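Student: See entry.txt below, with compact mmCIF, C-alpha atoms and all ligand atoms.
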# COMPACT_ATOMS: atom_id res chain seq x y z
CA MET A 875 -55.43 22.95 2.88
CA SER A 876 -52.19 21.39 4.02
CA LEU A 877 -51.95 17.91 5.48
CA ARG A 878 -48.86 16.95 7.46
CA ILE A 879 -48.27 13.48 8.85
CA LEU A 880 -45.51 12.72 11.36
CA ASP A 881 -42.61 11.04 9.63
CA HIS A 882 -40.31 9.85 12.39
CA PRO A 883 -39.45 6.37 13.71
CA LEU A 884 -40.32 7.47 17.26
CA ALA A 885 -43.84 8.43 16.13
CA SER A 886 -44.36 4.96 14.60
CA HIS A 887 -43.07 3.34 17.80
CA LEU A 888 -45.36 5.39 20.04
CA ILE A 889 -48.44 4.89 17.83
CA THR A 890 -47.91 1.13 17.72
CA HIS A 891 -47.89 0.94 21.54
CA LEU A 892 -50.89 3.28 21.70
CA ARG A 893 -52.86 1.02 19.36
CA ASP A 894 -51.98 -2.13 21.33
CA ARG A 895 -55.10 -3.35 23.15
CA THR A 896 -53.00 -4.49 26.14
CA THR A 897 -51.72 -0.93 26.80
CA LYS A 898 -53.18 0.25 30.11
CA PRO A 899 -54.41 3.82 30.82
CA ALA A 900 -51.25 5.03 32.62
CA LEU A 901 -49.00 4.09 29.70
CA PHE A 902 -51.68 5.23 27.23
CA ARG A 903 -51.62 8.71 28.82
CA SER A 904 -47.85 8.93 28.69
CA LEU A 905 -47.70 7.76 25.04
CA SER A 906 -50.34 10.38 24.18
CA TYR A 907 -48.25 13.04 25.90
CA GLN A 908 -45.13 12.11 23.95
CA LEU A 909 -46.94 11.92 20.61
CA THR A 910 -48.70 15.22 21.17
CA THR A 911 -45.36 16.88 21.93
CA MET A 912 -44.13 15.74 18.52
CA LEU A 913 -47.39 16.83 16.87
CA ALA A 914 -47.32 20.24 18.55
CA LEU A 915 -43.81 20.92 17.26
CA GLU A 916 -44.76 19.80 13.74
CA ALA A 917 -48.02 21.77 13.69
CA THR A 918 -46.35 25.00 14.82
CA ARG A 919 -43.43 24.80 12.41
CA GLY A 920 -44.91 27.73 10.44
CA LEU A 921 -45.53 30.06 13.40
CA GLY A 922 -44.48 33.58 12.51
CA THR A 923 -41.78 35.35 14.50
CA VAL A 924 -40.84 39.03 14.88
CA GLU A 925 -37.51 40.59 15.66
CA ARG A 926 -36.82 41.44 19.31
CA GLU A 927 -33.73 43.32 20.51
CA ILE A 928 -32.30 41.92 23.71
CA GLU A 929 -28.93 42.08 25.44
CA THR A 930 -26.97 38.96 26.18
CA PRO A 931 -24.40 39.25 29.01
CA LEU A 932 -21.89 40.04 26.21
CA MET A 933 -23.62 42.32 23.71
CA PRO A 934 -26.89 43.50 22.16
CA CYS A 935 -28.49 40.82 20.00
CA ALA A 936 -31.39 40.82 17.51
CA GLY A 937 -33.43 37.76 18.43
CA ARG A 938 -36.85 36.55 17.30
CA VAL A 939 -39.97 35.84 19.36
CA LEU A 940 -43.36 34.40 18.45
CA GLU A 941 -45.52 36.85 16.55
CA ARG A 942 -49.03 35.89 17.67
CA PRO A 943 -50.64 34.52 20.79
CA LEU A 944 -51.53 30.84 20.63
CA VAL A 945 -54.87 29.37 21.68
CA VAL A 946 -55.34 25.63 22.05
CA VAL A 947 -58.88 24.22 22.01
CA PRO A 948 -59.21 20.60 23.15
CA ILE A 949 -62.45 18.84 22.20
CA LEU A 950 -63.75 17.21 25.37
CA ARG A 951 -63.25 14.75 26.57
CA ALA A 952 -60.51 12.86 24.72
CA GLY A 953 -58.82 16.09 23.56
CA LEU A 954 -57.88 16.82 27.17
CA GLY A 955 -55.26 14.08 26.81
CA MET A 956 -53.46 16.38 24.35
CA LEU A 957 -53.59 19.63 26.34
CA GLN A 958 -50.64 19.38 28.72
CA PRO A 959 -47.89 19.08 26.07
CA PHE A 960 -49.11 22.32 24.48
CA GLN A 961 -49.05 24.07 27.85
CA ASP A 962 -45.59 22.72 28.59
CA LEU A 963 -44.16 23.81 25.22
CA PHE A 964 -46.01 27.15 25.08
CA PRO A 965 -46.48 28.38 28.68
CA ASP A 966 -48.39 31.50 27.54
CA VAL A 967 -50.99 29.54 25.55
CA SER A 968 -54.66 30.33 26.27
CA VAL A 969 -57.09 27.43 26.45
CA GLY A 970 -60.63 27.18 25.10
CA TYR A 971 -62.91 24.20 25.63
CA LEU A 972 -65.51 22.59 23.39
CA GLY A 973 -67.57 19.69 24.69
CA LEU A 974 -68.74 17.37 21.89
CA GLU A 975 -70.01 13.82 22.09
CA ARG A 976 -70.80 11.41 19.27
CA ASP A 977 -74.13 9.68 19.43
CA HIS A 978 -73.46 5.92 19.65
CA ASP A 979 -76.09 5.07 17.03
CA THR A 980 -75.76 7.89 14.49
CA ALA A 981 -72.10 8.91 15.10
CA MET A 982 -73.29 12.54 14.89
CA ALA A 983 -71.55 14.98 17.24
CA ARG A 984 -73.67 16.83 19.82
CA SER A 985 -72.39 19.97 21.53
CA TYR A 986 -72.72 20.16 25.34
CA TYR A 987 -70.18 22.83 26.35
CA SER A 988 -68.35 25.81 24.89
CA LYS A 989 -65.95 28.29 26.48
CA LEU A 990 -63.66 30.10 24.07
CA PRO A 991 -61.24 33.00 24.70
CA VAL A 992 -60.74 35.88 22.25
CA LEU A 993 -59.49 34.29 19.03
CA LYS A 994 -59.25 37.20 16.62
CA GLU A 995 -55.48 37.82 16.54
CA ALA A 996 -54.44 34.35 17.68
CA TRP A 997 -53.29 31.16 16.01
CA THR A 998 -55.97 28.71 17.11
CA ILE A 999 -55.12 25.02 17.36
CA VAL A 1000 -58.03 22.59 17.76
CA VAL A 1001 -56.88 19.28 19.24
CA ASP A 1002 -58.70 15.96 19.26
CA PRO A 1003 -56.93 12.61 19.11
CA MET A 1004 -59.37 10.94 16.69
CA LEU A 1005 -60.56 12.30 13.32
CA ALA A 1006 -63.09 9.67 12.22
CA THR A 1007 -66.08 10.93 10.17
CA GLY A 1008 -64.83 14.47 10.72
CA GLY A 1009 -68.17 15.51 12.21
CA SER A 1010 -66.73 16.56 15.58
CA ALA A 1011 -63.76 18.35 14.04
CA CYS A 1012 -65.99 20.30 11.61
CA HIS A 1013 -68.35 21.20 14.45
CA ALA A 1014 -65.38 22.56 16.43
CA LEU A 1015 -63.93 24.37 13.41
CA ASP A 1016 -67.33 26.00 12.78
CA ALA A 1017 -67.38 27.14 16.43
CA VAL A 1018 -63.91 28.70 16.39
CA ALA A 1019 -64.63 30.37 13.02
CA GLU A 1020 -67.85 31.85 14.44
CA ALA A 1021 -65.83 33.11 17.42
CA GLY A 1022 -63.57 35.05 15.03
CA ALA A 1023 -60.57 32.73 14.62
CA GLY A 1024 -58.51 33.59 11.54
CA HIS A 1025 -55.55 31.25 11.44
CA VAL A 1026 -56.66 27.75 12.45
CA SER A 1027 -54.94 24.35 12.67
CA LEU A 1028 -56.32 20.94 13.55
CA VAL A 1029 -54.07 18.43 15.31
CA CYS A 1030 -55.08 14.76 15.72
CA ILE A 1031 -53.21 11.59 16.63
CA ILE A 1032 -55.08 9.29 14.21
CA GLY A 1033 -57.06 10.46 11.19
CA SER A 1034 -59.12 8.62 8.60
CA ARG A 1035 -59.24 9.43 4.90
CA GLU A 1036 -62.95 10.19 5.24
CA GLY A 1037 -62.34 12.62 8.11
CA VAL A 1038 -59.57 14.43 6.25
CA GLU A 1039 -61.80 14.76 3.17
CA GLN A 1040 -64.66 16.11 5.26
CA VAL A 1041 -62.47 18.80 6.84
CA ARG A 1042 -60.88 19.58 3.48
CA ALA A 1043 -64.34 20.12 1.94
CA ARG A 1044 -65.81 22.20 4.76
CA HIS A 1045 -62.71 24.06 6.02
CA PRO A 1046 -60.28 24.22 3.10
CA ARG A 1047 -57.94 26.73 4.78
CA VAL A 1048 -57.38 24.71 7.94
CA GLU A 1049 -53.96 23.07 8.30
CA ILE A 1050 -54.18 19.46 9.50
CA THR A 1051 -51.39 17.64 11.32
CA LEU A 1052 -51.77 13.90 12.06
CA GLY A 1053 -49.68 11.27 13.79
CA VAL A 1054 -50.90 8.70 11.27
CA LEU A 1055 -53.53 8.39 8.52
CA ASP A 1056 -55.59 5.20 8.77
CA ASP A 1057 -57.37 3.49 5.97
CA HIS A 1058 -61.10 3.48 6.62
CA LEU A 1059 -64.00 3.46 9.08
CA ASN A 1060 -65.92 0.36 10.12
CA ALA A 1061 -69.73 0.05 10.14
CA ASP A 1062 -69.84 1.75 13.58
CA LYS A 1063 -67.76 4.67 12.23
CA TYR A 1064 -64.68 3.68 14.21
CA ILE A 1065 -61.26 4.18 12.64
CA VAL A 1066 -59.68 0.94 11.36
CA PRO A 1067 -57.16 -0.26 12.43
CA GLY A 1068 -57.37 2.66 14.88
CA LEU A 1069 -57.06 2.09 18.59
CA GLY A 1070 -60.69 1.83 19.72
CA ASP A 1071 -62.33 4.53 21.81
CA PHE A 1072 -59.60 6.99 22.78
CA GLY A 1073 -61.54 8.56 25.66
CA ASP A 1074 -62.34 5.18 27.20
CA ARG A 1075 -58.73 4.04 26.94
CA LEU A 1076 -57.38 7.35 28.30
CA TYR A 1077 -59.69 7.39 31.31
CA GLY A 1078 -60.07 3.64 31.90
CA THR A 1079 -63.84 3.70 31.34
CA PRO A 1080 -65.51 0.61 29.92
CA GLY A 1081 -66.65 0.94 26.28
C1 LIG B 1101 -64.37 10.88 19.87
C2 LIG B 1101 -63.12 11.63 19.48
C3 LIG B 1101 -63.63 12.71 18.58
C4 LIG B 1101 -64.76 12.01 17.85
C5 LIG B 1101 -64.29 11.63 16.48
O1 LIG B 1101 -65.04 11.53 20.87
O2 LIG B 1101 -62.41 12.11 20.58
O3 LIG B 1101 -64.11 13.84 19.27
O4 LIG B 1101 -65.10 10.85 18.62
O5 LIG B 1101 -65.32 11.11 15.72
P1 LIG B 1101 -65.93 11.87 14.46
O6 LIG B 1101 -64.77 12.33 13.63
O7 LIG B 1101 -66.73 10.80 13.77
O8 LIG B 1101 -66.79 12.99 14.94
P2 LIG B 1101 -66.39 10.97 21.54
O9 LIG B 1101 -67.57 11.54 20.83
O10 LIG B 1101 -66.33 9.47 21.60
O11 LIG B 1101 -66.40 11.60 22.96
P3 LIG B 1101 -65.36 11.50 24.19
O12 LIG B 1101 -64.14 12.26 23.80
O13 LIG B 1101 -66.13 12.15 25.29
O14 LIG B 1101 -65.07 10.05 24.46
N1 LIG B 1102 -63.76 8.04 18.42
C1 LIG B 1102 -62.79 7.23 18.91
O1 LIG B 1102 -62.41 7.37 20.08
N2 LIG B 1102 -62.30 6.27 18.11
C2 LIG B 1102 -62.68 6.11 16.85
O2 LIG B 1102 -62.15 5.20 16.16
C3 LIG B 1102 -63.69 6.94 16.34
C4 LIG B 1102 -64.21 7.91 17.14
Represent the structure contained in this file as structure tokens.

Tutor:
Amino acid sequence: MSLRILDHPLASHLITHLRDRTTKPALFRSLSYQLTTMLALEATRGLGTVEREIETPLMPCAGRVLERPLVVVPILRAGLGMLQPFQDLFPDVSVGYLGLERDHDTAMARSYYSKLPVLKEAWTIVVDPMLATGGSACHALDAVAEAGAGHVSLVCIIGSREGVEQVRARHPRVEITLGVLDDHLNADKYIVPGLGDFGDRLYGTPG
């Protein structure tokens, strides 16, 4: 399994403002958009390309185009905050949805919705801003594997060591791309230092 972490001063700048408790939902959404754009480019660095003959206004030219279709699968609800940058960068991307919610007491993920397109030939990218225990991510990765996905990546804004280890153990072939790797989880299984509840901060809902 490969683990990539953004290594760019702009990523540090954006994540610091995202973490800041005084950041309001409108700015939070725009910071998430910018960070996800960076993550999407990093995560798709290894996309295969095939040769395509075209003609420029001056002469024939052997160019290259993307080899496989892309599917992005946001985990509802917080993952929706990462969808638009993928659609803007890759206009032909198909979108699948998985609804998962952590139980407040047990921190176990419960599935409440699933709608996936054909995944067989595609590069599937599961997106969720927070990788805490890894329970939600593994649930989603199980679902896309069952639906036939071959090449799968996981893209998160903040990950914990525990979450990365969990994914590594259960889905060793999945490539993970993070904005930042945080140190640990607190007693309530929240990422520390983290940023709190991503979904609540994105949508302005009280915790
Ligand atoms: C958050 C987050 C992940 C999950 C991470 O979602 O968006 O899906 O928790 O935690 P885990 O790694 O321990 O599973 P949440 O369940 O709070 O739902 P929401 O997106 O609807 O707010
Ligand atoms: N979900 C969040 O939104 N934040 C965390 O720190 C953990 C799970």

Student: Select the residues contacting ligand LIG 1101 (chain B) at a distance of at most 8 Å, based on all atoms listed in the file, then format the selection as a PyMOL selection string.

Tutor: chain A and resi 949-953+973-977+981-983+1002-1011+1037+1063-1064+1071-1074

Student: Under the rule that all atoms listed in the file are counted, which of A:Leu901, A:Leu888, A:Val1066, A:Val1001 is the nearest residue to Met956 (chain A)?

Tutor: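 Among the listed residues, the smallest separation from Met956 (chain A) belongs to A:Val1001.
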
Student: Which centre and edge lengths in Å to one decimal define the box along x, y and z that fits every listed atom of ligand LIG 1102 (chain B) plus 6 Å per side, as JSON?

Tutor:
{"center_x": -63.2, "center_y": 6.6, "center_z": 18.1, "size_x": 14.1, "size_y": 14.8, "size_z": 15.9}

Student: Have a look at A:Arg1035, A:Arg903, A:Arg893, A:Arg1075 and name the one nearest to Leu1052 (chain A); count only C-alpha atoms.

Tutor: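 Of the candidates, the smallest distance to Leu1052 (chain A) is held by A:Arg1035.
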
Student: Leaving out His891 (chain A) and any residue of its chain fewer than 6 positions from it, which residues lie within 10 Å of it when counting all atoms listed in the file, given as an MDAnalysis selection string?

Tutor: chainID A and resid 897 901:902 905 1069

Student: Measure the distance from CA of Ser1034 (chain A) to CA of Gly1068 (chain A) in Å and round it to one decimal.

Tutor: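 These two atoms are separated by 8.8 Å.
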
Student: Between atom C2 of ligand LIG 1102 (chain B) and CA of Ser904 (chain A), what is the distance in Å, rounded to a tenth?

Tutor: 19.2 Å

Student: CA of Thr1051 (chain A) to CA of Val967 (chain A): how many Å, to one decimal?

Tutor: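 Distance between the two atoms: 18.6 Å.
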
Student: Point out the residue among A:Ile1031, A:Ala1017, A:Gly1022, A:Leu963 with the least atom-to-atom distance to Leu915 (chain A), counting all atoms listed in the file.

Tutor: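 Answer, going by the shortest atom-to-atom distance: A:Leu963.
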
Student: For Ile1050 (chain A), please output as a list in words all residues within 8 Å (counting all atoms listed in the file; exclusion window: fewer than 3 positions along the same chain).

Tutor: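 Selected residues are Met875, Ser876, Leu877, Arg878, Ala917, Ser1027, Leu1028, Val1029 and Cys1030 of chain A.
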
Student: Might you pull out every residue within 8 Å of Leu880 (chain A), with all atoms listed in the file counted and same-chain residues fewer than 3 positions away left off, and present them as a ChimeraX atom specification?

Tutor: /A:885,912-913,916,1051-1054

Student: Kindly indicate which residue among A:Glu1049, A:Asp881, A:Glu1036, A:Glu925 lies nearest to ligand LIG 1102 (chain B), using all atoms listed in the file for the distances.

Tutor: A:Glu1036

Student: Can you work out which one of A:Leu1076, A:Leu921, A:Cys1012, A:Ala1023 has the shortest atom-to-atom distance to ligand LIG 1102 (chain B), counting all atoms listed in the file?

Tutor: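 For ligand LIG 1102 (chain B), the nearest of the candidates is A:Leu1076.
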
Student: Please provide the set of residues having any atom within 10 Å of Pro1067 (chain A), restricted to all atoms listed in the file, with same-chain residues fewer than 4 positions apart removed, written as a list of chain:residue names.

Tutor: A:Arg893, A:Ile1032, A:Ser1034, A:Asp1056, A:Asp1057, A:His1058, A:Leu1059, A:Asn1060

Student: Could you give me, as JSON, numbers by chain, the residues that sit within 8 Å of (-65.7, 26.4, 8.3) in the file's coordinates, counting all atoms listed in the file?

Tutor: {"A": [1012, 1015, 1016, 1019, 1044, 1045, 1046]}

Student: Could you save the residues just selected, with C-alpha atoms, as an mmCIF file, in the coordinates of the input?

Tutor:
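Generated file (out09.cif):
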data_model
loop_
_atom_site.group_PDB
_atom_site.id
_atom_site.type_symbol
_atom_site.label_atom_id
_atom_site.label_comp_id
_atom_site.auth_asym_id
_atom_site.auth_seq_id
_atom_site.Cartn_x
_atom_site.Cartn_y
_atom_site.Cartn_z
ATOM 1 C CA CYS A 1012 -65.990 20.300 11.610
ATOM 2 C CA LEU A 1015 -63.930 24.370 13.410
ATOM 3 C CA ASP A 1016 -67.330 26.000 12.780
ATOM 4 C CA ALA A 1019 -64.630 30.370 13.020
ATOM 5 C CA ARG A 1044 -65.810 22.200 4.760
ATOM 6 C CA HIS A 1045 -62.710 24.060 6.020
ATOM 7 C CA PRO A 1046 -60.280 24.220 3.100
#

Student: Considering all atoms listed in the file, state which residue in the set A:Val924, A:Ile879, A:Leu957, A:Val1038 is at the smallest distance from Val1000 (chain A).

Tutor: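 Ranking A:Val924, A:Ile879, A:Leu957, A:Val1038 by distance to Val1000 (chain A), first place goes to A:Leu957.
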
Student: With all atoms listed in the file as the counted atoms, please give the residues lying no more than 12 Å from Val992 (chain A), apart from itself and same-chain residues fewer than 3 positions off, as a PDB file with C-alpha atoms, keeping the file's coordinate frame.

Tutor:
ATOM      1  CA  PRO A 943     -50.640  34.520  20.790  1.00  0.00           C
ATOM      2  CA  LEU A 944     -51.530  30.840  20.630  1.00  0.00           C
ATOM      3  CA  VAL A 945     -54.870  29.370  21.680  1.00  0.00           C
ATOM      4  CA  VAL A 946     -55.340  25.630  22.050  1.00  0.00           C
ATOM      5  CA  VAL A 947     -58.880  24.220  22.010  1.00  0.00           C
ATOM      6  CA  SER A 968     -54.660  30.330  26.270  1.00  0.00           C
ATOM      7  CA  VAL A 969     -57.090  27.430  26.450  1.00  0.00           C
ATOM      8  CA  GLY A 970     -60.630  27.180  25.100  1.00  0.00           C
ATOM      9  CA  LYS A 989     -65.950  28.290  26.480  1.00  0.00           C
ATOM     10  CA  GLU A 995     -55.480  37.820  16.540  1.00  0.00           C
ATOM     11  CA  ALA A 996     -54.440  34.350  17.680  1.00  0.00           C
ATOM     12  CA  TRP A 997     -53.290  31.160  16.010  1.00  0.00           C
ATOM     13  CA  THR A 998     -55.970  28.710  17.110  1.00  0.00           C
ATOM     14  CA  VAL A1018     -63.910  28.700  16.390  1.00  0.00           C
ATOM     15  CA  ALA A1019     -64.630  30.370  13.020  1.00  0.00           C
ATOM     16  CA  GLU A1020     -67.850  31.850  14.440  1.00  0.00           C
ATOM     17  CA  ALA A1021     -65.830  33.110  17.420  1.00  0.00           C
ATOM     18  CA  GLY A1022     -63.570  35.050  15.030  1.00  0.00           C
ATOM     19  CA  ALA A1023     -60.570  32.730  14.620  1.00  0.00           C
ATOM     20  CA  GLY A1024     -58.510  33.590  11.540  1.00  0.00           C
TER      21      GLY A1024
END

Student: Just need region 935-946 of chain A in a file, please: all heavy atoms, as a PDB file, in the first residue's frame.

Tutor:
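Result written to selection-v3.pdb:
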ATOM      1  N   CYS A 935      -0.221  15.112 -34.585  1.00  0.00           N
ATOM      2  CA  CYS A 935       0.529  15.098 -33.321  1.00  0.00           C
ATOM      3  C   CYS A 935       0.078  13.893 -32.508  1.00  0.00           C
ATOM      4  O   CYS A 935      -1.117  13.622 -32.389  1.00  0.00           O
ATOM      5  CB  CYS A 935       0.239  16.397 -32.572  1.00  0.00           C
ATOM      6  SG  CYS A 935       0.785  16.410 -30.871  1.00  0.00           S
ATOM      7  N   ALA A 936       1.057  13.139 -31.974  1.00  0.00           N
ATOM      8  CA  ALA A 936       0.728  12.001 -31.101  1.00  0.00           C
ATOM      9  C   ALA A 936       0.607  12.522 -29.668  1.00  0.00           C
ATOM     10  O   ALA A 936       1.619  12.850 -29.043  1.00  0.00           O
ATOM     11  CB  ALA A 936       1.812  10.941 -31.210  1.00  0.00           C
ATOM     12  N   GLY A 937      -0.621  12.625 -29.196  1.00  0.00           N
ATOM     13  CA  GLY A 937      -0.824  13.084 -27.815  1.00  0.00           C
ATOM     14  C   GLY A 937      -1.121  11.910 -26.909  1.00  0.00           C
ATOM     15  O   GLY A 937      -1.005  10.749 -27.319  1.00  0.00           O
ATOM     16  N   ARG A 938      -1.488  12.194 -25.665  1.00  0.00           N
ATOM     17  CA  ARG A 938      -1.852  11.128 -24.720  1.00  0.00           C
ATOM     18  C   ARG A 938      -3.137  11.545 -23.999  1.00  0.00           C
ATOM     19  O   ARG A 938      -3.318  12.710 -23.650  1.00  0.00           O
ATOM     20  CB  ARG A 938      -0.735  10.887 -23.697  1.00  0.00           C
ATOM     21  CG  ARG A 938       0.591  10.501 -24.345  1.00  0.00           C
ATOM     22  CD  ARG A 938       1.532   9.818 -23.374  1.00  0.00           C
ATOM     23  NE  ARG A 938       1.116   8.479 -22.999  1.00  0.00           N
ATOM     24  CZ  ARG A 938       1.331   7.392 -23.730  1.00  0.00           C
ATOM     25  NH1 ARG A 938       1.953   7.475 -24.893  1.00  0.00           N
ATOM     26  NH2 ARG A 938       0.932   6.208 -23.303  1.00  0.00           N
ATOM     27  N   VAL A 939      -4.017  10.581 -23.791  1.00  0.00           N
ATOM     28  CA  VAL A 939      -5.262  10.835 -23.063  1.00  0.00           C
ATOM     29  C   VAL A 939      -5.404   9.795 -21.950  1.00  0.00           C
ATOM     30  O   VAL A 939      -4.729   8.757 -21.981  1.00  0.00           O
ATOM     31  CB  VAL A 939      -6.501  10.773 -23.994  1.00  0.00           C
ATOM     32  CG1 VAL A 939      -6.456  11.884 -25.029  1.00  0.00           C
ATOM     33  CG2 VAL A 939      -6.597   9.420 -24.674  1.00  0.00           C
ATOM     34  N   LEU A 940      -6.261  10.074 -21.001  1.00  0.00           N
ATOM     35  CA  LEU A 940      -6.415   9.164 -19.862  1.00  0.00           C
ATOM     36  C   LEU A 940      -6.907   7.799 -20.341  1.00  0.00           C
ATOM     37  O   LEU A 940      -7.793   7.695 -21.193  1.00  0.00           O
ATOM     38  CB  LEU A 940      -7.396   9.743 -18.843  1.00  0.00           C
ATOM     39  CG  LEU A 940      -6.948  11.048 -18.168  1.00  0.00           C
ATOM     40  CD1 LEU A 940      -7.994  11.525 -17.176  1.00  0.00           C
ATOM     41  CD2 LEU A 940      -5.591  10.873 -17.484  1.00  0.00           C
ATOM     42  N   GLU A 941      -6.333   6.770 -19.716  1.00  0.00           N
ATOM     43  CA  GLU A 941      -6.559   5.399 -20.157  1.00  0.00           C
ATOM     44  C   GLU A 941      -7.899   4.843 -19.696  1.00  0.00           C
ATOM     45  O   GLU A 941      -8.594   4.147 -20.422  1.00  0.00           O
ATOM     46  CB  GLU A 941      -5.418   4.559 -19.573  1.00  0.00           C
ATOM     47  CG  GLU A 941      -5.451   3.110 -19.865  1.00  0.00           C
ATOM     48  CD  GLU A 941      -4.337   2.391 -19.112  1.00  0.00           C
ATOM     49  OE1 GLU A 941      -4.010   2.793 -17.976  1.00  0.00           O
ATOM     50  OE2 GLU A 941      -3.804   1.428 -19.668  1.00  0.00           O
ATOM     51  N   ARG A 942      -8.240   5.124 -18.425  1.00  0.00           N
ATOM     52  CA  ARG A 942      -9.439   4.499 -17.833  1.00  0.00           C
ATOM     53  C   ARG A 942     -10.433   5.564 -17.406  1.00  0.00           C
ATOM     54  O   ARG A 942     -10.028   6.659 -17.037  1.00  0.00           O
ATOM     55  CB  ARG A 942      -9.086   3.819 -16.512  1.00  0.00           C
ATOM     56  CG  ARG A 942      -8.144   2.708 -16.557  1.00  0.00           C
ATOM     57  CD  ARG A 942      -7.686   2.466 -15.117  1.00  0.00           C
ATOM     58  NE  ARG A 942      -6.711   1.425 -15.052  1.00  0.00           N
ATOM     59  CZ  ARG A 942      -7.006   0.140 -14.900  1.00  0.00           C
ATOM     60  NH1 ARG A 942      -8.253  -0.227 -14.744  1.00  0.00           N
ATOM     61  NH2 ARG A 942      -6.065  -0.763 -14.879  1.00  0.00           N
ATOM     62  N   PRO A 943     -11.705   5.169 -17.336  1.00  0.00           N
ATOM     63  CA  PRO A 943     -12.673   6.084 -16.737  1.00  0.00           C
ATOM     64  C   PRO A 943     -12.405   6.216 -15.238  1.00  0.00           C
ATOM     65  O   PRO A 943     -11.866   5.305 -14.609  1.00  0.00           O
ATOM     66  CB  PRO A 943     -14.019   5.403 -16.991  1.00  0.00           C
ATOM     67  CG  PRO A 943     -13.714   3.992 -17.306  1.00  0.00           C
ATOM     68  CD  PRO A 943     -12.296   3.918 -17.815  1.00  0.00           C
ATOM     69  N   LEU A 944     -12.766   7.359 -14.702  1.00  0.00           N
ATOM     70  CA  LEU A 944     -12.608   7.609 -13.264  1.00  0.00           C
ATOM     71  C   LEU A 944     -13.977   7.581 -12.611  1.00  0.00           C
ATOM     72  O   LEU A 944     -14.953   8.076 -13.177  1.00  0.00           O
ATOM     73  CB  LEU A 944     -12.072   9.014 -13.041  1.00  0.00           C
ATOM     74  CG  LEU A 944     -10.584   9.279 -12.897  1.00  0.00           C
ATOM     75  CD1 LEU A 944     -10.398  10.712 -12.421  1.00  0.00           C
ATOM     76  CD2 LEU A 944      -9.945   8.319 -11.932  1.00  0.00           C
ATOM     77  N   VAL A 945     -14.029   7.001 -11.415  1.00  0.00           N
ATOM     78  CA  VAL A 945     -15.252   7.074 -10.604  1.00  0.00           C
ATOM     79  C   VAL A 945     -14.861   7.647  -9.254  1.00  0.00           C
ATOM     80  O   VAL A 945     -13.895   7.186  -8.640  1.00  0.00           O
ATOM     81  CB  VAL A 945     -15.881   5.679 -10.400  1.00  0.00           C
ATOM     82  CG1 VAL A 945     -17.098   5.774  -9.476  1.00  0.00           C
ATOM     83  CG2 VAL A 945     -16.291   5.064 -11.730  1.00  0.00           C
ATOM     84  N   VAL A 946     -15.576   8.653  -8.792  1.00  0.00           N
ATOM     85  CA  VAL A 946     -15.334   9.176  -7.453  1.00  0.00           C
ATOM     86  C   VAL A 946     -16.513   8.801  -6.568  1.00  0.00           C
ATOM     87  O   VAL A 946     -17.668   8.867  -7.000  1.00  0.00           O
ATOM     88  CB  VAL A 946     -15.052  10.703  -7.471  1.00  0.00           C
ATOM     89  CG1 VAL A 946     -16.241  11.501  -7.935  1.00  0.00           C
ATOM     90  CG2 VAL A 946     -14.594  11.189  -6.105  1.00  0.00           C
TER      91      VAL A 946
END
